[in-house]
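**Q** Below is my_file.cif; it holds mmCIF, C-alpha atoms.
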data_protein
#
loop_
_atom_site.label_atom_id
_atom_site.label_comp_id
_atom_site.auth_asym_id
_atom_site.auth_seq_id
_atom_site.Cartn_x
_atom_site.Cartn_y
_atom_site.Cartn_z
CA MET A 1 0.00 0.00 0.00
CA VAL A 2 2.83 2.42 0.85
CA ARG A 3 4.48 1.67 -2.49
CA PHE A 4 1.18 2.22 -4.31
CA LEU A 5 0.57 5.56 -2.56
CA LYS A 6 4.11 6.72 -3.31
CA ARG A 7 3.85 5.83 -6.98
CA ASN A 8 0.38 7.34 -7.42
CA GLY A 9 0.40 10.13 -4.85
CA LEU A 10 0.05 12.99 -7.33
CA THR A 11 -3.11 11.60 -8.91
CA ILE A 12 -4.59 10.56 -5.55
CA VAL A 13 -4.09 13.99 -3.98
CA LEU A 14 -5.38 15.85 -7.03
CA MET A 15 -8.48 13.64 -7.24
CA ALA A 16 -9.10 14.10 -3.50
CA MET A 17 -8.87 17.87 -3.96
CA PHE A 18 -11.21 17.63 -6.95
CA ALA A 19 -13.75 15.61 -4.95
CA ALA A 20 -13.59 18.00 -1.99
CA SER A 21 -14.05 21.00 -4.29
CA LEU A 22 -16.98 19.39 -6.10
CA VAL A 23 -18.69 18.61 -2.80
CA GLY A 24 -18.02 22.17 -1.68
CA GLN A 25 -19.60 23.50 -4.87
CA TRP A 26 -22.60 21.23 -4.35
CA LEU A 27 -23.19 22.29 -0.74
CA THR A 28 -22.65 26.00 -1.23
CA GLY A 29 -24.58 26.01 -4.51
CA TRP A 30 -27.50 24.37 -2.72
CA ARG A 31 -27.45 27.08 -0.06
CA VAL A 32 -27.42 29.78 -2.73
CA ALA A 33 -30.33 28.09 -4.51
CA LEU A 34 -32.33 27.97 -1.25
CA GLN A 35 -31.74 31.68 -0.66
CA ASP A 36 -32.87 32.49 -4.18
CA LEU A 37 -36.02 30.38 -3.82
CA ARG A 38 -36.90 32.04 -0.50
CA ARG A 39 -36.53 35.49 -2.07
CA HIS A 40 -39.09 34.49 -4.69
CA GLY A 41 -41.44 32.87 -2.14
CA GLU A 42 -41.01 29.42 -3.65
CA PRO A 43 -40.56 26.07 -1.87
CA GLY A 44 -37.01 24.94 -1.18
CA ILE A 45 -35.12 22.16 -2.91
CA GLY A 46 -33.61 19.15 -1.17
CA LEU A 47 -29.86 18.64 -1.04
CA ILE A 48 -30.03 15.43 -3.09
CA SER A 49 -32.54 16.91 -5.53
CA TYR A 50 -30.15 19.79 -6.13
CA LEU A 51 -27.71 17.34 -7.73
CA SER A 52 -30.07 17.10 -10.73
CA ASP A 53 -30.73 20.83 -10.91
CA PRO A 54 -29.79 22.14 -14.39
CA ALA A 55 -28.14 25.23 -12.88
CA PHE A 56 -25.77 23.08 -10.81
CA ILE A 57 -24.95 20.64 -13.61
CA SER A 58 -24.42 23.48 -16.07
CA THR A 59 -21.86 25.21 -13.84
CA VAL A 60 -19.96 21.95 -13.31
CA PHE A 61 -19.56 21.26 -17.02
CA GLU A 62 -18.97 24.95 -17.77
CA ASN A 63 -15.77 24.72 -15.74
CA TRP A 64 -14.73 21.29 -17.00
CA GLU A 65 -15.18 22.54 -20.56
CA SER A 66 -12.66 25.35 -20.11
CA GLU A 67 -10.12 23.09 -18.39
CA PHE A 68 -10.20 20.44 -21.11
CA LEU A 69 -10.02 23.14 -23.80
CA GLN A 70 -6.98 24.66 -22.12
CA MET A 71 -5.17 21.34 -21.87
CA ALA A 72 -6.06 20.23 -25.41
CA VAL A 73 -4.88 23.51 -26.93
CA TYR A 74 -1.73 23.53 -24.80
CA VAL A 75 -0.75 19.96 -25.66
CA VAL A 76 -1.19 20.59 -29.39
CA LEU A 77 0.42 24.05 -29.49
CA THR A 78 3.51 22.91 -27.58
CA ALA A 79 4.06 20.30 -30.30
CA TYR A 80 4.51 23.05 -32.90
CA LEU A 81 5.24 26.38 -31.19
CA PHE A 82 8.14 27.47 -28.97
CA GLN A 83 8.97 29.91 -26.18
CA HIS A 84 12.70 30.48 -25.77
CA GLY A 85 13.83 29.97 -22.19
CA SER A 86 10.56 28.45 -20.93
CA SER A 87 10.46 25.09 -19.18
CA GLU A 88 7.04 24.58 -20.79
CA SER A 89 8.44 24.62 -24.33
CA LYS A 90 10.55 22.34 -26.49
CA ASP A 91 13.94 23.66 -27.51
CA PRO A 92 13.56 24.97 -31.10
CA ASP A 93 17.19 24.01 -31.81
CA ALA A 94 16.85 20.42 -30.60
CA PRO A 95 16.22 17.59 -33.10
CA GLU A 96 12.71 16.23 -33.50
CA ARG A 97 11.99 13.55 -30.91
CA ASP A 98 9.37 11.45 -32.73
CA VAL A 99 10.28 11.50 -36.41
CA LEU A 100 10.23 7.73 -36.97
CA PRO A 101 8.44 4.81 -35.29
CA SER A 102 10.21 3.78 -32.11
CA LYS A 103 12.68 0.90 -32.23
CA ALA A 104 12.78 0.51 -28.44
CA GLN A 105 11.83 -2.98 -27.34
CA ASP A 106 9.78 -1.69 -24.40
CA ALA A 107 7.78 0.79 -26.53
CA PRO A 108 4.03 0.16 -26.83
CA PRO A 109 3.19 -1.93 -29.94
CA LEU A 110 1.48 0.97 -31.74
CA ALA A 111 4.55 3.16 -31.25
CA ARG A 112 6.67 0.65 -33.18
CA ARG A 113 4.64 0.70 -36.38
CA ALA A 114 3.17 3.06 -39.00
CA GLY A 115 -0.35 3.52 -40.37
CA PRO A 116 -3.66 5.08 -39.24
CA LEU A 117 -3.74 3.36 -35.84
CA ALA A 118 -0.19 4.46 -35.15
CA TRP A 119 -1.13 8.03 -36.11
CA LEU A 120 -4.08 7.95 -33.72
CA TYR A 121 -1.85 6.64 -30.94
CA ALA A 122 0.78 9.31 -31.65
CA HIS A 123 -1.88 12.03 -31.31
CA SER A 124 -4.10 10.33 -28.75
CA LEU A 125 -3.49 12.75 -25.86
CA GLY A 126 -4.57 15.83 -27.82
CA LEU A 127 -7.47 13.97 -29.43
CA VAL A 128 -8.90 12.63 -26.17
CA LEU A 129 -8.57 16.02 -24.46
CA ALA A 130 -10.38 17.62 -27.42
CA LEU A 131 -13.15 15.00 -27.17
CA LEU A 132 -13.49 15.64 -23.44
CA PHE A 133 -13.76 19.37 -24.15
CA MET A 134 -16.49 18.81 -26.74
CA ALA A 135 -18.42 16.48 -24.42
CA ALA A 136 -18.22 18.99 -21.56
CA PHE A 137 -19.26 21.84 -23.88
CA VAL A 138 -22.30 19.91 -25.11
CA LEU A 139 -23.38 19.10 -21.54
CA HIS A 140 -22.84 22.73 -20.49
CA TRP A 141 -24.92 23.86 -23.48
CA VAL A 142 -27.78 21.38 -22.89
CA PHE A 143 -28.14 22.03 -19.16
CA SER A 144 -27.78 25.78 -19.60
CA ALA A 145 -30.63 25.57 -22.10
CA LYS A 146 -32.73 23.64 -19.55
CA GLN A 147 -31.96 26.25 -16.90
CA ALA A 148 -32.95 29.05 -19.27
CA ALA A 149 -36.17 27.21 -20.12
CA GLN A 150 -37.05 26.93 -16.42
CA GLU A 151 -36.41 30.63 -15.87
CA ALA A 152 -38.51 31.51 -18.91
CA ALA A 153 -41.39 29.38 -17.61
CA GLU A 154 -41.19 31.07 -14.20
CA HIS A 155 -41.61 34.46 -15.90
CA GLY A 156 -44.39 33.29 -18.22
CA GLN A 157 -42.19 33.53 -21.30
CA ALA A 158 -41.70 31.12 -24.18
CA ALA A 159 -38.61 28.95 -23.79
CA GLN A 160 -35.97 28.55 -26.49
CA GLY A 161 -35.25 25.12 -27.84
CA VAL A 162 -31.90 23.52 -27.08
CA LEU A 163 -30.65 24.09 -30.63
CA ALA A 164 -31.76 27.73 -30.63
CA TYR A 165 -30.01 28.28 -27.30
CA LEU A 166 -26.69 27.58 -29.02
CA ALA A 167 -26.93 31.13 -30.40
CA ASP A 168 -27.86 32.68 -27.05
CA PRO A 169 -25.30 35.23 -25.78
CA GLN A 170 -25.61 33.86 -22.23
CA LEU A 171 -24.12 30.51 -23.25
CA TRP A 172 -21.11 32.13 -24.88
CA PHE A 173 -20.71 34.65 -22.07
CA GLU A 174 -20.39 31.72 -19.64
CA SER A 175 -17.87 29.98 -21.90
CA PHE A 176 -15.71 32.97 -22.78
CA GLN A 177 -15.43 34.13 -19.17
CA ASN A 178 -13.75 30.81 -18.38
CA TRP A 179 -11.75 30.40 -21.57
CA GLN A 180 -10.01 33.76 -21.21
CA SER A 181 -8.83 32.94 -17.69
CA GLU A 182 -7.48 29.55 -18.76
CA PHE A 183 -5.50 30.97 -21.67
CA LEU A 184 -4.17 33.79 -19.49
CA SER A 185 -3.02 31.44 -16.72
CA THR A 186 -1.31 29.16 -19.25
CA ALA A 187 0.49 32.06 -20.92
CA VAL A 188 1.59 33.36 -17.51
CA LEU A 189 2.97 29.92 -16.59
CA VAL A 190 4.92 29.73 -19.84
CA VAL A 191 6.48 33.15 -19.30
CA LEU A 192 7.13 32.86 -15.56
CA SER A 193 8.89 29.51 -16.02
CA ILE A 194 11.62 31.39 -17.92
CA VAL A 195 12.90 33.23 -14.84
CA LEU A 196 11.26 31.50 -11.85
CA ARG A 197 11.89 28.03 -10.41
CA GLN A 198 10.17 25.43 -8.25
CA LYS A 199 12.70 23.09 -6.69
CA ASN A 200 12.26 19.42 -7.62
CA SER A 201 9.25 20.04 -9.86
CA PRO A 202 9.36 18.47 -13.35
CA GLU A 203 7.35 21.49 -14.51
CA SER A 204 10.30 23.76 -13.69
CA LYS A 205 13.85 24.03 -14.95
CA PRO A 206 16.53 23.02 -12.41
CA VAL A 207 17.12 25.79 -9.89
CA ALA A 208 20.66 26.40 -11.20
CA ALA A 209 19.66 26.38 -14.88
CA PRO A 210 20.22 29.65 -16.78
CA ASP A 211 17.19 31.67 -17.89
CA SER A 212 18.13 31.02 -21.51
CA LYS A 213 17.70 27.24 -21.14
CA THR A 214 14.58 26.00 -22.90
CA GLY A 215 12.79 22.92 -21.54
CA ALA A 216 12.62 21.43 -18.08
#
Can you dump the structure from the file as structure tokens?

**A**
Amino acid sequence: MVRFLKRNGLTIVLMAMFAASLVGQWLTGWRVALQDLRRHGEPGIGLISYLSDPAFISTVFENWESEFLQMAVYVVLTAYLFQHGSSESKDPDAPERDVLPSKAQDAPPLARRAGPLAWLYAHSLGLVLALLFMAAFVLHWVFSAKQAAQEAAEHGQAAQGVLAYLADPQLWFESFQNWQSEFLSTAVLVVLSIVLRQKNSPESKPVAAPDSKTGA
């Protein structure tokens, strides 16, 4: 067990922090929903029932969407673009790492061959992150549309269909307010890693490395 925890500690701690944050969002979001319902003289909603509330589900996937977009874009852009001196960039003067199929005996089978399956494997990280982004965006869109339909019904207005809601400014306002922060934080990390260090982190250059060194 100790060996397992040591080898998987990063994922375990991050997933525990994710779970704690999600529970925190659930509990505090429920309290906010109760306050809003009281202000409008409407009956409250149960804690468990709140888990299926479109407003809650929409906000969850709204945030996941921006995170997966950030990671997908970053993984793909770092394959082609450079930032001199950054630990987050490849060295533009270094030779290409993956020009030919791998000849290493311990390489995965798909890495030792050519063809469509090998291409998919060679680009699988970016592709899966892009698919996760699209799935999260669709769920954000659908549940935001359901939330908007509920609000329209409460005000005696006609609700938009899910497809029509795709052109609603509110949906894109929610997306862009998250996307801009993700791209900013990534750009800041790229630039700060040129001159700043974090001892023993693989995301940082060695503490004694010169600022001009590119790559971790």

**Q** Record the distance separating atom CA of A:Gly126 and atom CA of A:Tyr74, expressed in Å with one decimal.

**A**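 That distance, rounded to one decimal, is 8.7 Å.
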
**Q** Which residues of stretch 31-84 of chain A sit at most 12 Å from stretch 169-192 of chain A, using only C-alpha atoms? Give each one's shortest atom pair and distance in Å (one decimal place), in chain and ascending residue order, as a Markdown table.

**A**
| residue | atom | partner | partner_atom | distance |
| --- | --- | --- | --- | --- |
| A:Ser58 | CA | A:Glu174 | CA | 9.8 |
| A:Thr59 | CA | A:Glu174 | CA | 8.8 |
| A:Val60 | CA | A:Glu174 | CA | 11.6 |
| A:Phe61 | CA | A:Ser175 | CA | 10.1 |
| A:Glu62 | CA | A:Ser175 | CA | 6.6 |
| A:Asn63 | CA | A:Asn178 | CA | 6.9 |
| A:Trp64 | CA | A:Asn178 | CA | 9.7 |
| A:Glu65 | CA | A:Ser175 | CA | 8.0 |
| A:Ser66 | CA | A:Trp179 | CA | 5.3 |
| A:Glu67 | CA | A:Glu182 | CA | 7.0 |
| A:Phe68 | CA | A:Glu182 | CA | 9.8 |
| A:Leu69 | CA | A:Trp179 | CA | 7.8 |
| A:Gln70 | CA | A:Glu182 | CA | 6.0 |
| A:Met71 | CA | A:Glu182 | CA | 9.1 |
| A:Ala72 | CA | A:Phe183 | CA | 11.4 |
| A:Val73 | CA | A:Phe183 | CA | 9.1 |
| A:Tyr74 | CA | A:Thr186 | CA | 7.9 |
| A:Val75 | CA | A:Thr186 | CA | 11.2 |
| A:Leu77 | CA | A:Thr186 | CA | 11.6 |
| A:Thr78 | CA | A:Val190 | CA | 10.4 |
| A:Leu81 | CA | A:Val190 | CA | 11.8 |
| A:Phe82 | CA | A:Val190 | CA | 9.9 |
| A:Gln83 | CA | A:Val190 | CA | 7.5 |
| A:His84 | CA | A:Val191 | CA | 9.4 |

**Q** Could you save those same residues with C-alpha atoms as an mmCIF file, keeping the file's coordinate frame?

**A**
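Contents of result_13.cif, freshly written:
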data_model
loop_
_atom_site.group_PDB
_atom_site.id
_atom_site.type_symbol
_atom_site.label_atom_id
_atom_site.label_comp_id
_atom_site.auth_asym_id
_atom_site.auth_seq_id
_atom_site.Cartn_x
_atom_site.Cartn_y
_atom_site.Cartn_z
ATOM 1 C CA SER A 58 -24.420 23.480 -16.070
ATOM 2 C CA THR A 59 -21.860 25.210 -13.840
ATOM 3 C CA VAL A 60 -19.960 21.950 -13.310
ATOM 4 C CA PHE A 61 -19.560 21.260 -17.020
ATOM 5 C CA GLU A 62 -18.970 24.950 -17.770
ATOM 6 C CA ASN A 63 -15.770 24.720 -15.740
ATOM 7 C CA TRP A 64 -14.730 21.290 -17.000
ATOM 8 C CA GLU A 65 -15.180 22.540 -20.560
ATOM 9 C CA SER A 66 -12.660 25.350 -20.110
ATOM 10 C CA GLU A 67 -10.120 23.090 -18.390
ATOM 11 C CA PHE A 68 -10.200 20.440 -21.110
ATOM 12 C CA LEU A 69 -10.020 23.140 -23.800
ATOM 13 C CA GLN A 70 -6.980 24.660 -22.120
ATOM 14 C CA MET A 71 -5.170 21.340 -21.870
ATOM 15 C CA ALA A 72 -6.060 20.230 -25.410
ATOM 16 C CA VAL A 73 -4.880 23.510 -26.930
ATOM 17 C CA TYR A 74 -1.730 23.530 -24.800
ATOM 18 C CA VAL A 75 -0.750 19.960 -25.660
ATOM 19 C CA LEU A 77 0.420 24.050 -29.490
ATOM 20 C CA THR A 78 3.510 22.910 -27.580
ATOM 21 C CA LEU A 81 5.240 26.380 -31.190
ATOM 22 C CA PHE A 82 8.140 27.470 -28.970
ATOM 23 C CA GLN A 83 8.970 29.910 -26.180
ATOM 24 C CA HIS A 84 12.700 30.480 -25.770
#

**Q** Of the candidates A:Glu154, A:Ser201, A:Ala19, A:Val207, which shows the shortest atom-to-atom distance to A:Leu37, using all atoms listed in the file?

**A** A:Glu154

**Q** So, with all atoms listed in the file as the atoms that count, which of A:Ala33, A:Leu120, A:Leu110, A:Leu127 lies closest to A:Pro54?

**A**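 Ranking A:Ala33, A:Leu120, A:Leu110, A:Leu127 by distance to A:Pro54, first place goes to A:Ala33.
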
**Q** The PyMOL selection byres ((chain A and resi 142) around 12) on the file shown: which residues, as a list of chain:residue names?

**A** A:Pro54, A:Ala55, A:Ile57, A:Ser58, A:Thr59, A:Phe61, A:Glu62, A:Ala135, A:Ala136, A:Phe137, A:Val138, A:Leu139, A:His140, A:Trp141, A:Phe143, A:Ser144, A:Ala145, A:Lys146, A:Gln147, A:Ala148, A:Ala149, A:Gln160, A:Gly161, A:Val162, A:Leu163, A:Ala164, A:Tyr165, A:Leu166, A:Leu171

**Q** Quick one, how far is atom CA of A:Arg97 from atom CA of A:Gly215?

**A**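 For atom CA of A:Arg97 relative to atom CA of A:Gly215, the distance reads 13.3 Å.
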
**Q** Tell me, in Å to one decimal, how far atom CA of A:Gly156 is from atom CA of A:Gly44.

**A** 20.4 Å

**Q** What's the 12 Å shell around A:Ser124, counting all atoms listed in the file, without same-chain residues fewer than 6 positions away, as an NGL selection string?

**A** :A and (72 or 75-76 or 110-111 or 116-118 or 130-131)

**Q** Just so the selection is clear, what residues does the PyMOL selection byres ((chain A and resi 50) around 10) cover here, as number ranges by chain?

**A** A: 26-27, 29-31, 33-34, 44-49, 51-57

**Q** Can you write just those residues out, C-alpha atoms, as a compact mmCIF listing (two decimals), keeping the file's coordinate frame?

**A**
# COMPACT_ATOMS: atom_id res chain seq x y z
CA TRP A 26 -22.60 21.23 -4.35
CA LEU A 27 -23.19 22.29 -0.74
CA GLY A 29 -24.58 26.01 -4.51
CA TRP A 30 -27.50 24.37 -2.72
CA ARG A 31 -27.45 27.08 -0.06
CA ALA A 33 -30.33 28.09 -4.51
CA LEU A 34 -32.33 27.97 -1.25
CA GLY A 44 -37.01 24.94 -1.18
CA ILE A 45 -35.12 22.16 -2.91
CA GLY A 46 -33.61 19.15 -1.17
CA LEU A 47 -29.86 18.64 -1.04
CA ILE A 48 -30.03 15.43 -3.09
CA SER A 49 -32.54 16.91 -5.53
CA LEU A 51 -27.71 17.34 -7.73
CA SER A 52 -30.07 17.10 -10.73
CA ASP A 53 -30.73 20.83 -10.91
CA PRO A 54 -29.79 22.14 -14.39
CA ALA A 55 -28.14 25.23 -12.88
CA PHE A 56 -25.77 23.08 -10.81
CA ILE A 57 -24.95 20.64 -13.61

**Q** Excluding stretch 112-115 of chain A and residues on its chain fewer than 6 positions from it, collect all residues at most 12 Å away from it, counting all atoms listed in the file, and give them as a list in words.

**A**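 My list of contacting residues is Asp98, Val99, Leu100, Pro101, Ser102, Lys103, Ala104, Gln105, Asp106, Tyr121 and Ala122 of chain A.
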
**Q** Please write the residues picked by the PyMOL selection byres ((chain A and resi 206) around 12) on this file as a PyMOL selection string.

**A** chain A and resi 86-87+193-205+207-211+213-216
